[in-house]
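> My structure is in entry_36.cif, and what it holds is mmCIF, C-alpha atoms and all ligand atoms:
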data_target
loop_
_atom_site.label_atom_id
_atom_site.label_comp_id
_atom_site.auth_asym_id
_atom_site.auth_seq_id
_atom_site.Cartn_x
_atom_site.Cartn_y
_atom_site.Cartn_z
CA MET L 1 0.00 0.00 0.00
CA LEU L 2 1.16 3.50 -0.83
CA ASP L 3 2.65 5.31 2.18
CA ILE L 4 0.81 8.58 1.70
CA ASP L 5 2.76 10.40 4.42
CA PHE L 6 6.02 9.50 2.73
CA VAL L 7 4.60 10.59 -0.63
CA ARG L 8 3.50 13.97 0.70
CA SER L 9 6.82 14.56 2.45
CA ASN L 10 8.35 14.65 -1.04
CA PHE L 11 6.19 17.58 -2.15
CA PRO L 12 7.14 20.92 -0.54
CA ALA L 13 3.68 22.31 -1.42
CA PHE L 14 2.18 20.20 1.38
CA SER L 15 4.29 21.93 4.02
CA GLU L 16 3.91 25.39 2.50
CA PRO L 17 2.05 27.56 5.06
CA SER L 18 0.13 29.53 2.43
CA LEU L 19 -1.37 26.31 1.03
CA GLN L 20 -2.60 24.84 4.31
CA GLY L 21 -6.29 23.95 4.20
CA GLN L 22 -6.34 24.11 0.41
CA ALA L 23 -7.17 20.79 -1.24
CA PHE L 24 -5.86 20.63 -4.80
CA PHE L 25 -8.23 19.20 -7.43
CA GLU L 26 -6.89 20.75 -10.65
CA ASN L 27 -3.93 18.40 -11.02
CA ALA L 28 -4.81 17.60 -14.63
CA GLY L 29 -4.00 21.24 -15.36
CA GLY L 30 -0.58 20.96 -13.75
CA SER L 31 0.62 19.02 -10.72
CA TYR L 32 2.61 20.09 -7.69
CA THR L 33 6.34 19.65 -8.22
CA CYS L 34 8.27 17.03 -6.28
CA GLY L 35 11.23 18.00 -4.09
CA PRO L 36 13.94 16.29 -6.14
CA VAL L 37 12.93 18.31 -9.23
CA ILE L 38 12.88 21.60 -7.31
CA ASP L 39 16.28 20.79 -5.78
CA ARG L 40 17.84 19.99 -9.14
CA LEU L 41 16.35 23.06 -10.80
CA THR L 42 17.66 25.30 -8.05
CA ARG L 43 21.08 23.65 -8.15
CA PHE L 44 21.27 24.05 -11.92
CA TYR L 45 20.51 27.76 -11.75
CA ARG L 46 22.89 28.30 -8.83
CA GLU L 47 25.81 26.11 -9.86
CA ARG L 48 25.53 24.94 -13.47
CA LYS L 49 23.87 27.69 -15.49
CA VAL L 50 26.37 27.81 -18.32
CA GLN L 51 26.25 26.41 -21.84
CA PRO L 52 26.40 22.62 -21.33
CA TYR L 53 28.70 20.08 -23.02
CA ALA L 54 31.81 22.31 -23.02
CA PRO L 55 35.13 21.03 -21.60
CA TYR L 56 35.04 22.70 -18.19
CA ALA L 57 33.71 21.18 -15.01
CA VAL L 58 30.40 22.96 -14.42
CA SER L 59 29.45 22.69 -18.08
CA GLU L 60 30.21 18.97 -18.09
CA ALA L 61 28.13 18.53 -14.95
CA GLY L 62 25.17 20.34 -16.56
CA GLY L 63 25.39 18.29 -19.75
CA ALA L 64 25.73 15.06 -17.79
CA GLU L 65 22.63 15.92 -15.79
CA MET L 66 20.64 16.54 -19.00
CA ASP L 67 21.81 13.17 -20.34
CA GLU L 68 20.93 11.54 -17.03
CA ALA L 69 17.34 12.83 -17.30
CA ARG L 70 16.88 11.29 -20.73
CA GLU L 71 18.65 8.05 -19.81
CA ARG L 72 16.73 7.39 -16.60
CA LEU L 73 13.29 8.42 -17.84
CA ALA L 74 13.74 6.42 -21.05
CA ALA L 75 14.73 3.37 -18.98
CA ILE L 76 11.57 3.64 -16.84
CA LEU L 77 9.46 4.03 -20.00
CA GLY L 78 11.07 0.93 -21.55
CA VAL L 79 12.66 2.68 -24.54
CA GLU L 80 16.19 3.53 -25.69
CA THR L 81 17.77 6.75 -24.39
CA ASP L 82 17.87 8.44 -27.80
CA GLU L 83 14.18 7.68 -28.36
CA LEU L 84 13.26 10.25 -25.70
CA SER L 85 13.44 13.99 -26.22
CA PHE L 86 12.16 17.16 -24.60
CA GLY L 87 10.27 20.02 -26.20
CA PRO L 88 8.65 23.13 -24.72
CA SER L 89 5.23 21.46 -24.35
CA SER L 90 3.21 18.58 -25.75
CA SER L 91 1.27 20.99 -28.00
CA GLN L 92 4.52 22.29 -29.44
CA ASN L 93 5.75 18.70 -29.90
CA THR L 94 2.69 17.62 -31.92
CA PHE L 95 3.01 20.80 -33.96
CA VAL L 96 6.55 19.85 -34.98
CA LEU L 97 5.60 16.21 -35.54
CA ALA L 98 2.66 17.20 -37.73
CA ASN L 99 5.00 19.27 -39.84
CA ALA L 100 7.24 16.23 -40.28
CA VAL L 101 4.24 14.07 -41.20
CA ARG L 102 3.09 16.74 -43.67
CA CYS L 103 6.35 16.26 -45.59
CA TRP L 104 6.31 12.46 -45.22
CA LEU L 105 2.82 11.62 -46.48
CA THR L 106 1.62 11.98 -50.03
CA PRO L 107 -1.84 13.17 -51.13
CA GLY L 108 -4.30 10.29 -51.02
CA GLU L 109 -2.72 8.71 -47.95
CA ALA L 110 -4.74 8.97 -44.76
CA ILE L 111 -4.46 9.51 -41.01
CA VAL L 112 -6.94 8.78 -38.22
CA VAL L 113 -7.71 11.30 -35.47
CA THR L 114 -10.32 11.07 -32.71
CA ASN L 115 -12.83 13.50 -31.28
CA GLN L 116 -11.87 12.32 -27.79
CA ASP L 117 -8.48 14.07 -27.81
CA HIS L 118 -7.35 17.34 -26.27
CA GLU L 119 -6.84 19.78 -29.16
CA ALA L 120 -3.06 19.31 -28.93
CA ASN L 121 -3.31 15.81 -30.45
CA SER L 122 -6.06 16.74 -32.87
CA GLY L 123 -5.87 20.18 -34.52
CA PRO L 124 -2.28 19.95 -35.85
CA TRP L 125 -3.09 16.59 -37.47
CA ARG L 126 -6.43 17.73 -38.90
CA ARG L 127 -4.67 20.62 -40.66
CA LEU L 128 -2.92 18.05 -42.86
CA ALA L 129 -6.19 17.93 -44.83
CA GLU L 130 -5.02 21.25 -46.35
CA GLU L 131 -2.17 19.26 -47.99
CA GLY L 132 -4.48 16.69 -49.57
CA ILE L 133 -4.08 14.12 -46.77
CA GLU L 134 -7.32 12.34 -45.98
CA VAL L 135 -8.23 12.84 -42.32
CA ARG L 136 -10.56 10.19 -40.89
CA GLU L 137 -12.30 10.75 -37.59
CA TRP L 138 -12.67 7.92 -35.09
CA ARG L 139 -15.68 9.13 -33.11
CA ILE L 140 -16.70 8.66 -29.50
CA ASP L 141 -20.06 7.37 -28.35
CA PRO L 142 -22.03 10.60 -27.70
CA GLU L 143 -23.53 9.20 -24.48
CA THR L 144 -20.56 7.55 -22.81
CA GLY L 145 -17.64 9.34 -24.45
CA SER L 146 -15.99 5.95 -25.14
CA LEU L 147 -13.86 5.13 -28.15
CA ASP L 148 -14.94 1.73 -29.42
CA THR L 149 -11.97 -0.28 -30.71
CA GLU L 150 -14.34 -2.19 -33.03
CA ALA L 151 -15.15 1.06 -34.82
CA LEU L 152 -11.48 1.58 -35.71
CA GLY L 153 -11.36 -1.52 -37.95
CA PRO L 154 -13.38 -0.11 -40.87
CA LEU L 155 -11.29 3.08 -40.84
CA LEU L 156 -8.14 1.02 -41.40
CA GLU L 157 -9.58 -1.48 -43.85
CA ASP L 158 -8.35 -0.03 -47.16
CA GLY L 159 -4.71 0.12 -46.02
CA LYS L 160 -4.35 3.83 -46.80
CA VAL L 161 -3.90 4.96 -43.20
CA ARG L 162 -0.28 5.66 -42.17
CA LEU L 163 -0.83 7.15 -38.71
CA VAL L 164 -3.45 6.74 -35.96
CA CYS L 165 -3.51 9.51 -33.33
CA PHE L 166 -5.43 8.89 -30.10
CA PRO L 167 -5.22 9.54 -26.36
CA HIS L 168 -4.13 7.05 -23.69
CA CYS L 169 -6.95 8.73 -21.78
CA SER L 170 -8.83 11.95 -22.48
CA ASN L 171 -8.61 14.94 -20.15
CA VAL L 172 -12.41 15.04 -19.81
CA VAL L 173 -13.64 11.47 -20.45
CA ALA L 174 -10.69 9.86 -18.62
CA GLU L 175 -11.47 6.31 -19.76
CA ILE L 176 -8.24 4.38 -20.24
CA ASN L 177 -7.90 3.30 -23.84
CA ASP L 178 -6.25 0.00 -24.65
CA VAL L 179 -3.12 1.40 -26.27
CA ALA L 180 -1.56 -2.02 -26.88
CA SER L 181 -4.49 -3.46 -28.81
CA ILE L 182 -5.20 -0.25 -30.73
CA THR L 183 -1.53 -0.06 -31.69
CA ALA L 184 -1.52 -3.73 -32.70
CA ALA L 185 -4.56 -3.10 -34.96
CA ALA L 186 -2.88 -0.04 -36.49
CA HIS L 187 0.37 -1.91 -37.08
CA ALA L 188 -1.48 -4.81 -38.70
CA ALA L 189 -2.97 -2.32 -41.14
CA GLY L 190 0.43 -0.75 -41.89
CA ALA L 191 -0.06 2.39 -39.74
CA PHE L 192 2.01 3.93 -36.94
CA THR L 193 0.47 5.35 -33.76
CA CYS L 194 0.84 8.65 -31.92
CA VAL L 195 -0.49 8.42 -28.37
CA ASP L 196 -1.24 11.42 -26.18
CA GLY L 197 -0.30 10.22 -22.71
CA VAL L 198 -0.56 13.65 -21.07
CA SER L 199 -3.61 12.71 -18.99
CA TYR L 200 -2.33 9.23 -18.19
CA ALA L 201 1.34 9.63 -17.24
CA PRO L 202 0.69 11.54 -13.97
CA HIS L 203 -1.04 8.40 -12.67
CA GLY L 204 2.00 6.20 -13.22
CA LEU L 205 4.52 6.17 -16.06
CA PRO L 206 3.68 3.39 -18.51
CA ASP L 207 6.00 0.87 -20.14
CA VAL L 208 5.85 2.48 -23.57
CA GLY L 209 8.01 -0.29 -25.00
CA ALA L 210 5.42 -2.89 -24.00
CA LEU L 211 2.49 -0.78 -25.23
CA GLY L 212 4.15 -0.65 -28.65
CA ALA L 213 3.20 2.96 -29.47
CA ASP L 214 5.46 4.62 -32.05
CA ILE L 215 5.07 8.06 -30.51
CA TYR L 216 4.12 8.63 -26.86
CA LEU L 217 3.77 12.15 -25.48
CA PHE L 218 3.31 13.56 -22.02
CA SER L 219 3.86 16.82 -20.16
CA SER L 220 6.32 16.78 -17.28
CA TYR L 221 4.68 19.77 -15.57
CA LYS L 222 1.63 17.58 -14.97
CA THR L 223 3.86 14.70 -13.83
CA TYR L 224 5.61 16.38 -10.83
CA GLY L 225 8.30 17.93 -13.02
CA PRO L 226 9.22 21.18 -14.75
CA HIS L 227 7.31 22.75 -17.66
CA GLN L 228 8.38 20.54 -20.55
CA GLY L 229 6.82 18.15 -23.07
CA VAL L 230 8.35 14.68 -23.05
CA MET L 231 8.29 12.91 -26.39
CA VAL L 232 9.09 9.27 -27.09
CA ILE L 233 9.62 8.51 -30.77
CA ARG L 234 10.59 4.96 -31.58
CA ARG L 235 13.55 4.52 -33.86
CA GLN L 236 11.84 3.20 -36.99
CA LEU L 237 9.34 6.04 -37.31
CA GLY L 238 11.86 8.58 -36.02
CA PHE L 239 14.16 7.94 -38.96
CA GLU L 240 11.32 7.56 -41.48
CA LEU L 241 9.97 11.02 -40.69
CA PRO L 242 12.03 13.88 -42.11
CA ASN L 243 14.40 15.72 -39.78
CA GLN L 244 12.93 18.93 -38.31
CA ALA L 245 16.12 20.18 -36.67
CA HIS L 246 19.29 21.82 -38.05
CA PHE L 247 20.59 19.65 -40.89
CA PHE L 248 23.77 18.72 -38.99
CA ASN L 249 21.71 17.33 -36.07
CA GLY L 250 19.63 15.01 -38.24
CA GLU L 251 21.63 11.86 -37.46
CA VAL L 252 20.83 12.06 -33.74
CA LEU L 253 17.36 10.71 -33.04
CA TYR L 254 16.69 12.75 -29.90
CA LYS L 255 17.51 15.96 -31.74
CA ARG L 256 15.48 15.38 -34.91
CA PHE L 257 12.14 16.72 -33.66
CA THR L 258 13.31 19.50 -31.37
CA PRO L 259 14.16 22.41 -33.66
CA ALA L 260 14.46 24.88 -30.75
CA GLY L 261 17.37 24.79 -28.30
CA PRO L 262 16.27 22.86 -25.21
CA ASP L 263 15.67 24.48 -21.83
CA HIS L 264 18.83 23.10 -20.23
CA ALA L 265 17.86 23.64 -16.60
CA GLN L 266 14.43 22.09 -16.98
CA VAL L 267 15.71 19.10 -18.93
CA ALA L 268 18.33 18.50 -16.22
CA ALA L 269 15.75 18.94 -13.46
CA SER L 270 13.57 16.28 -15.09
CA ALA L 271 16.03 13.71 -13.71
CA GLY L 272 14.29 14.55 -10.43
CA MET L 273 11.17 12.80 -11.74
CA ALA L 274 13.22 9.60 -11.96
CA ASP L 275 14.69 10.30 -8.50
CA TYR L 276 11.16 10.53 -7.14
CA ILE L 277 10.03 7.27 -8.74
CA ASP L 278 13.14 5.55 -7.40
CA LEU L 279 12.55 7.01 -3.93
CA LEU L 280 9.03 5.60 -3.97
CA ALA L 281 10.25 2.25 -5.24
CA ALA L 282 12.97 1.99 -2.56
CA HIS L 283 10.63 3.08 0.23
CA HIS L 284 8.04 0.46 -0.77
CA GLY L 285 10.55 -2.35 -1.30
CA ILE L 286 10.12 -2.44 -5.09
CA GLU L 287 13.25 -3.77 -6.78
CA GLY L 288 14.38 -4.79 -10.25
CA SER L 289 15.10 -3.00 -13.52
CA ALA L 290 14.03 0.59 -14.14
CA VAL L 291 10.95 -0.64 -16.03
CA GLU L 292 10.07 -2.98 -13.16
CA ARG L 293 10.51 -0.24 -10.55
CA GLY L 294 8.40 2.10 -12.70
CA ALA L 295 5.70 -0.55 -13.09
CA GLY L 296 5.64 -1.25 -9.34
CA VAL L 297 5.29 2.46 -8.55
CA HIS L 298 2.64 2.82 -11.28
CA ASP L 299 0.57 0.04 -9.71
CA LEU L 300 0.89 1.52 -6.21
CA MET L 301 -0.28 4.90 -7.49
CA ARG L 302 -3.19 3.43 -9.43
CA ALA L 303 -4.41 1.34 -6.48
CA HIS L 304 -4.33 4.34 -4.14
CA GLU L 305 -6.11 6.55 -6.68
CA ALA L 306 -8.79 3.95 -7.44
CA ALA L 307 -9.58 3.51 -3.74
CA LEU L 308 -10.03 7.27 -3.29
CA MET L 309 -11.85 7.73 -6.58
CA GLN L 310 -14.66 5.19 -6.21
CA PRO L 311 -16.58 6.97 -3.40
CA LEU L 312 -16.36 10.24 -5.32
CA LEU L 313 -17.65 8.56 -8.50
CA ASP L 314 -20.45 6.88 -6.51
CA TYR L 315 -21.43 10.21 -4.98
CA LEU L 316 -21.52 11.99 -8.35
CA ALA L 317 -23.29 9.12 -10.13
CA GLY L 318 -25.90 9.11 -7.38
CA ARG L 319 -26.94 12.70 -7.99
CA ASN L 320 -29.65 13.29 -10.58
CA ASP L 321 -28.91 17.00 -11.02
CA LEU L 322 -25.62 16.55 -12.86
CA ARG L 323 -23.99 14.36 -15.49
CA LEU L 324 -20.82 12.51 -14.63
CA ILE L 325 -18.72 12.14 -17.77
CA GLY L 326 -16.85 8.90 -18.41
CA PRO L 327 -16.89 5.55 -16.59
CA ARG L 328 -18.37 5.14 -13.11
CA ASP L 329 -15.95 2.37 -12.35
CA ALA L 330 -12.61 3.63 -10.96
CA ASP L 331 -10.63 0.77 -12.48
CA ARG L 332 -11.50 1.89 -16.00
CA ARG L 333 -10.49 5.51 -15.70
CA ALA L 334 -8.11 8.15 -14.41
CA PRO L 335 -9.16 10.43 -11.55
CA THR L 336 -9.81 13.32 -13.92
CA ILE L 337 -13.50 13.70 -13.28
CA ALA L 338 -15.52 16.07 -15.44
CA VAL L 339 -19.08 16.90 -14.50
CA ASP L 340 -21.69 18.67 -16.60
CA LEU L 341 -23.78 20.71 -14.19
CA GLY L 342 -26.02 22.25 -16.85
CA ARG L 343 -24.91 25.65 -15.52
CA ASP L 344 -21.79 27.75 -15.37
CA ALA L 345 -18.98 25.44 -14.22
CA GLU L 346 -16.51 28.21 -13.44
CA GLU L 347 -19.00 29.74 -11.06
CA ALA L 348 -19.33 26.35 -9.35
CA ALA L 349 -15.53 26.15 -9.07
CA ARG L 350 -15.48 29.62 -7.51
CA LYS L 351 -17.94 28.48 -4.85
CA LEU L 352 -15.80 25.43 -4.14
CA ALA L 353 -12.81 27.72 -3.64
CA GLY L 354 -14.68 29.22 -0.69
CA HIS L 355 -14.46 25.76 0.89
CA GLY L 356 -10.73 25.37 0.28
CA ILE L 357 -11.14 23.35 -2.93
CA MET L 358 -8.92 24.30 -5.84
CA ALA L 359 -10.74 23.18 -9.00
CA GLY L 360 -11.60 24.65 -12.38
CA GLY L 361 -14.46 24.95 -14.83
CA GLY L 362 -14.45 25.37 -18.61
CA ASP L 363 -13.62 23.34 -21.71
CA PHE L 364 -10.00 22.47 -20.85
CA TYR L 365 -9.19 22.61 -24.59
CA ALA L 366 -11.30 19.47 -24.99
CA VAL L 367 -13.74 21.36 -27.18
CA ARG L 368 -14.35 18.53 -29.62
CA PRO L 369 -15.16 15.80 -27.06
CA LEU L 370 -17.40 18.11 -25.05
CA GLN L 371 -19.23 19.15 -28.22
CA ALA L 372 -19.67 15.50 -29.21
CA LEU L 373 -21.07 14.77 -25.74
CA GLY L 374 -23.59 17.59 -26.16
CA VAL L 375 -22.12 19.78 -23.40
CA ASP L 376 -22.95 23.49 -23.67
CA LEU L 377 -19.50 25.02 -24.13
CA ASP L 378 -20.60 28.35 -22.68
CA LYS L 379 -21.24 26.57 -19.40
CA GLY L 380 -18.37 24.08 -19.62
CA VAL L 381 -17.69 21.27 -17.18
CA LEU L 382 -16.48 21.28 -13.60
CA ARG L 383 -13.31 19.19 -13.45
CA LEU L 384 -12.12 17.50 -10.27
CA SER L 385 -8.75 15.90 -10.86
CA PHE L 386 -6.32 14.37 -8.44
CA VAL L 387 -3.23 12.17 -8.35
CA HIS L 388 -1.57 9.72 -5.95
CA TYR L 389 -0.50 12.40 -3.44
CA THR L 390 -4.12 13.25 -2.70
CA CYS L 391 -5.28 11.89 0.66
CA LYS L 392 -8.60 10.66 2.02
CA ALA L 393 -9.09 13.79 4.15
CA GLU L 394 -8.96 15.90 0.98
CA ILE L 395 -11.57 13.70 -0.72
CA ASP L 396 -13.78 14.10 2.38
CA GLN L 397 -13.24 17.87 2.22
CA LEU L 398 -14.26 17.80 -1.46
CA LEU L 399 -17.38 15.72 -0.83
CA ALA L 400 -18.49 18.10 1.93
CA ALA L 401 -17.79 21.12 -0.28
CA LEU L 402 -19.76 19.59 -3.18
CA ASP L 403 -22.66 18.89 -0.84
CA ALA L 404 -22.61 22.47 0.40
CA THR L 405 -22.28 24.20 -2.96
CA LEU L 406 -23.87 22.14 -5.74
C1 LIG L 501 -4.67 15.37 -22.63
C2 LIG L 501 -3.82 16.55 -22.93
N1 LIG L 501 -3.06 16.55 -24.03
C3 LIG L 501 -2.25 17.56 -24.36
C4 LIG L 501 -2.18 18.68 -23.56
C5 LIG L 501 -1.26 19.78 -23.96
O1 LIG L 501 -0.12 19.75 -23.18
P1 LIG L 501 0.87 20.98 -23.14
O2 LIG L 501 0.29 21.98 -22.19
O3 LIG L 501 2.16 20.39 -22.66
O4 LIG L 501 0.98 21.53 -24.50
C6 LIG L 501 -2.94 18.75 -22.40
C7 LIG L 501 -2.89 19.95 -21.55
O5 LIG L 501 -3.76 20.24 -20.78
C8 LIG L 501 -3.79 17.66 -22.08
O6 LIG L 501 -4.55 17.67 -20.98
#
Starting from the coordinates I provided, produce the structure as structure tokens.

Amino acid sequence: MLDIDFVRSNFPAFSEPSLQGQAFFENAGGSYTCGPVIDRLTRFYRERKVQPYAPYAVSEAGGAEMDEARERLAAILGVETDELSFGPSSSQNTFVLANAVRCWLTPGEAIVVTNQDHEANSGPWRRLAEEGIEVREWRIDPETGSLDTEALGPLLEDGKVRLVCFPHCSNVVAEINDVASITAAAHAAGAFTCVDGVSYAPHGLPDVGALGADIYLFSSYKTYGPHQGVMVIRRQLGFELPNQAHFFNGEVLYKRFTPAGPDHAQVAASAGMADYIDLLAAHHGIEGSAVERGAGVHDLMRAHEAALMQPLLDYLAGRNDLRLIGPRDADRRAPTIAVDLGRDAEEAARKLAGHGIMAGGGDFYAVRPLQALGVDLDKGVLRLSFVHYTCKAEIDQLLAALDATL
């Protein structure tokens, strides 16, 4: 079982006086940052803030720390070190990738996008239609918000699809999609996959190698780290897509899709995410390879989250004056819980703030899924999202605040 006191001792926000009494339920927007990341970031700016990879000691230390971040995170994700790179954000990363795909595909070839995705893994791909690429939409069920894997088959049937873009889980529906089987279906039809893991990774880093996805994206600032987008691009697709970086960097996989210079300090500080996972593993007696330690920590996080989530889902599902979006069963979803109140969601969030609940209302850039679900975008949804560092007392505080304000 997850030692919640140990977990919280690794997040300075929980001992910050100004945050006492405030229960955080907008984690899907951006999480608290763990201590090891803050320590590394501070150290980099104090001691190592010079151009890295030059032949003097502080520069070597900075470069080595950037390499360490890629090496250790890639190992946890079950991929090679050079298959992982950092960009300014996941939206920026898909923008660059879509530009590469624009040059790679030829008119008449097709891609699949969903209407379950955050706009970051949707809009840049849909714009390829302007280049004569056929864009096929894999649509959610308008009642449940689910993506039915059966419905993907016909979209792939004619063998024209080269890329399938979909979320590991949506930031409003939150149902966990079966990445491995969707990727297997895409591969069997001759297509690659690009998976938006932004809403999934904060709940436990996945073994991307085992899932088989060709591209896997997530945002470190939602995963206890600094404000970066982490991008896994497997070798085969990485070298098939045209280089987007300076021509002389094109032979190095981790440089090919990051045309801008990286944020050295934040890349280095991302090693703190691996420190944190290893701290959790060691504390809970989880041993083995990096992938095994990551998987053990993932499972601990998921079990803790599911136990806290179910009573909240039961409470929301039991009310007939609101619509709970996504599955009612905690095991099938992430704790990113969107609720259609049929009235202004931001106003509802403001009332919750009066009870020490930090939550948000709006569309969360999930305009397409909310539209497909028939949600009035002017009113938006109230979103209550948490991660493994959330404790039972905070869920109780939330339930009481919902009772008092909704
Ligand atoms: C599911 C999902 N995908 C992508 C993004 C975009 O991430 P970034 O802010 O790193 O561009 C977000 C951000 O909220 C998200 O929730």
> Select from chain L every residue with an atom at most 10 Å from any atom of ligand LIG 501 (chain L), then for each give the shortest pair of atoms and their distance in Å to one decimal, using only C-alpha atoms and all ligand atoms, rows by chain and rising number, as JSON lines.

{"residue": "L:Asn27", "atom": "CA", "partner": "L:LIG501", "partner_atom": "O5", "distance": 9.9}
{"residue": "L:Ala28", "atom": "CA", "partner": "L:LIG501", "partner_atom": "O6", "distance": 6.4}
{"residue": "L:Gly29", "atom": "CA", "partner": "L:LIG501", "partner_atom": "O5", "distance": 5.5}
{"residue": "L:Gly30", "atom": "CA", "partner": "L:LIG501", "partner_atom": "O5", "distance": 7.7}
{"residue": "L:Gly87", "atom": "CA", "partner": "L:LIG501", "partner_atom": "O3", "distance": 8.9}
{"residue": "L:Pro88", "atom": "CA", "partner": "L:LIG501", "partner_atom": "O3", "distance": 7.3}
{"residue": "L:Ser89", "atom": "CA", "partner": "L:LIG501", "partner_atom": "O3", "distance": 3.7}
{"residue": "L:Ser90", "atom": "CA", "partner": "L:LIG501", "partner_atom": "O3", "distance": 3.7}
{"residue": "L:Ser91", "atom": "CA", "partner": "L:LIG501", "partner_atom": "O4", "distance": 3.6}
{"residue": "L:Gln92", "atom": "CA", "partner": "L:LIG501", "partner_atom": "O4", "distance": 6.1}
{"residue": "L:Asn93", "atom": "CA", "partner": "L:LIG501", "partner_atom": "O4", "distance": 7.7}
{"residue": "L:Thr94", "atom": "CA", "partner": "L:LIG501", "partner_atom": "O4", "distance": 8.6}
{"residue": "L:Phe95", "atom": "CA", "partner": "L:LIG501", "partner_atom": "O4", "distance": 9.7}
{"residue": "L:Gln116", "atom": "CA", "partner": "L:LIG501", "partner_atom": "C1", "distance": 9.4}
{"residue": "L:Asp117", "atom": "CA", "partner": "L:LIG501", "partner_atom": "C1", "distance": 6.6}
{"residue": "L:His118", "atom": "CA", "partner": "L:LIG501", "partner_atom": "N1", "distance": 4.9}
{"residue": "L:Glu119", "atom": "CA", "partner": "L:LIG501", "partner_atom": "C3", "distance": 7.0}
{"residue": "L:Ala120", "atom": "CA", "partner": "L:LIG501", "partner_atom": "C3", "distance": 5.0}
{"residue": "L:Asn121", "atom": "CA", "partner": "L:LIG501", "partner_atom": "C3", "distance": 6.4}
{"residue": "L:Ser122", "atom": "CA", "partner": "L:LIG501", "partner_atom": "N1", "distance": 9.3}
{"residue": "L:Phe166", "atom": "CA", "partner": "L:LIG501", "partner_atom": "C1", "distance": 9.9}
{"residue": "L:Pro167", "atom": "CA", "partner": "L:LIG501", "partner_atom": "C1", "distance": 6.9}
{"residue": "L:His168", "atom": "CA", "partner": "L:LIG501", "partner_atom": "C1", "distance": 8.4}
{"residue": "L:Cys169", "atom": "CA", "partner": "L:LIG501", "partner_atom": "C1", "distance": 7.1}
{"residue": "L:Ser170", "atom": "CA", "partner": "L:LIG501", "partner_atom": "C1", "distance": 5.4}
{"residue": "L:Asn171", "atom": "CA", "partner": "L:LIG501", "partner_atom": "C1", "distance": 4.7}
{"residue": "L:Val172", "atom": "CA", "partner": "L:LIG501", "partner_atom": "C1", "distance": 8.2}
{"residue": "L:Ala174", "atom": "CA", "partner": "L:LIG501", "partner_atom": "C1", "distance": 9.1}
{"residue": "L:Val195", "atom": "CA", "partner": "L:LIG501", "partner_atom": "N1", "distance": 9.6}
{"residue": "L:Asp196", "atom": "CA", "partner": "L:LIG501", "partner_atom": "N1", "distance": 5.9}
{"residue": "L:Gly197", "atom": "CA", "partner": "L:LIG501", "partner_atom": "C1", "distance": 6.8}
{"residue": "L:Val198", "atom": "CA", "partner": "L:LIG501", "partner_atom": "C1", "distance": 4.7}
{"residue": "L:Ser199", "atom": "CA", "partner": "L:LIG501", "partner_atom": "C1", "distance": 4.6}
{"residue": "L:Tyr200", "atom": "CA", "partner": "L:LIG501", "partner_atom": "C1", "distance": 7.9}
{"residue": "L:Ala201", "atom": "CA", "partner": "L:LIG501", "partner_atom": "C1", "distance": 9.9}
{"residue": "L:Leu217", "atom": "CA", "partner": "L:LIG501", "partner_atom": "C3", "distance": 8.2}
{"residue": "L:Phe218", "atom": "CA", "partner": "L:LIG501", "partner_atom": "O3", "distance": 7.0}
{"residue": "L:Ser219", "atom": "CA", "partner": "L:LIG501", "partner_atom": "O3", "distance": 4.7}
{"residue": "L:Ser220", "atom": "CA", "partner": "L:LIG501", "partner_atom": "O3", "distance": 7.7}
{"residue": "L:Tyr221", "atom": "CA", "partner": "L:LIG501", "partner_atom": "O3", "distance": 7.6}
{"residue": "L:Lys222", "atom": "CA", "partner": "L:LIG501", "partner_atom": "O3", "distance": 8.2}
{"residue": "L:His227", "atom": "CA", "partner": "L:LIG501", "partner_atom": "O3", "distance": 7.6}
{"residue": "L:Gln228", "atom": "CA", "partner": "L:LIG501", "partner_atom": "O3", "distance": 6.6}
{"residue": "L:Gly229", "atom": "CA", "partner": "L:LIG501", "partner_atom": "O3", "distance": 5.2}
{"residue": "L:Val230", "atom": "CA", "partner": "L:LIG501", "partner_atom": "O3", "distance": 8.4}
{"residue": "L:Thr336", "atom": "CA", "partner": "L:LIG501", "partner_atom": "O6", "distance": 9.8}
{"residue": "L:Phe364", "atom": "CA", "partner": "L:LIG501", "partner_atom": "O5", "distance": 6.6}
{"residue": "L:Tyr365", "atom": "CA", "partner": "L:LIG501", "partner_atom": "O5", "distance": 7.0}
{"residue": "L:Ala366", "atom": "CA", "partner": "L:LIG501", "partner_atom": "O6", "distance": 8.1}
> For the atom pair atom CA of L:Ala348 and atom CA of L:Glu26, what is the interatomic distance in Å to one decimal place?
13.7 Å
> Tell me which of L:Glu287, L:Glu130, L:Asp275, L:Asp329 sits closest to L:Asp39, counting only C-alpha atoms.
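Answer, going by the shortest atom-to-atom distance: L:Asp275.
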> Name the residues in contact with L:Gly153 at a cut-off of 12 Å, using all atoms listed in the file, excluding same-chain residues fewer than 2 positions from it; report them as a short mmCIF file (atom, residue, chain, number, x, y, z; two decimals) with C-alpha atoms, in the frame of the given file.

data_model
loop_
_atom_site.label_atom_id
_atom_site.label_comp_id
_atom_site.auth_asym_id
_atom_site.auth_seq_id
_atom_site.Cartn_x
_atom_site.Cartn_y
_atom_site.Cartn_z
CA VAL L 112 -6.94 8.78 -38.22
CA TRP L 138 -12.67 7.92 -35.09
CA ASP L 148 -14.94 1.73 -29.42
CA THR L 149 -11.97 -0.28 -30.71
CA GLU L 150 -14.34 -2.19 -33.03
CA ALA L 151 -15.15 1.06 -34.82
CA LEU L 155 -11.29 3.08 -40.84
CA LEU L 156 -8.14 1.02 -41.40
CA GLU L 157 -9.58 -1.48 -43.85
CA ASP L 158 -8.35 -0.03 -47.16
CA GLY L 159 -4.71 0.12 -46.02
CA VAL L 161 -3.90 4.96 -43.20
CA VAL L 164 -3.45 6.74 -35.96
CA SER L 181 -4.49 -3.46 -28.81
CA ILE L 182 -5.20 -0.25 -30.73
CA THR L 183 -1.53 -0.06 -31.69
CA ALA L 184 -1.52 -3.73 -32.70
CA ALA L 185 -4.56 -3.10 -34.96
CA ALA L 186 -2.88 -0.04 -36.49
CA HIS L 187 0.37 -1.91 -37.08
CA ALA L 188 -1.48 -4.81 -38.70
CA ALA L 189 -2.97 -2.32 -41.14
#
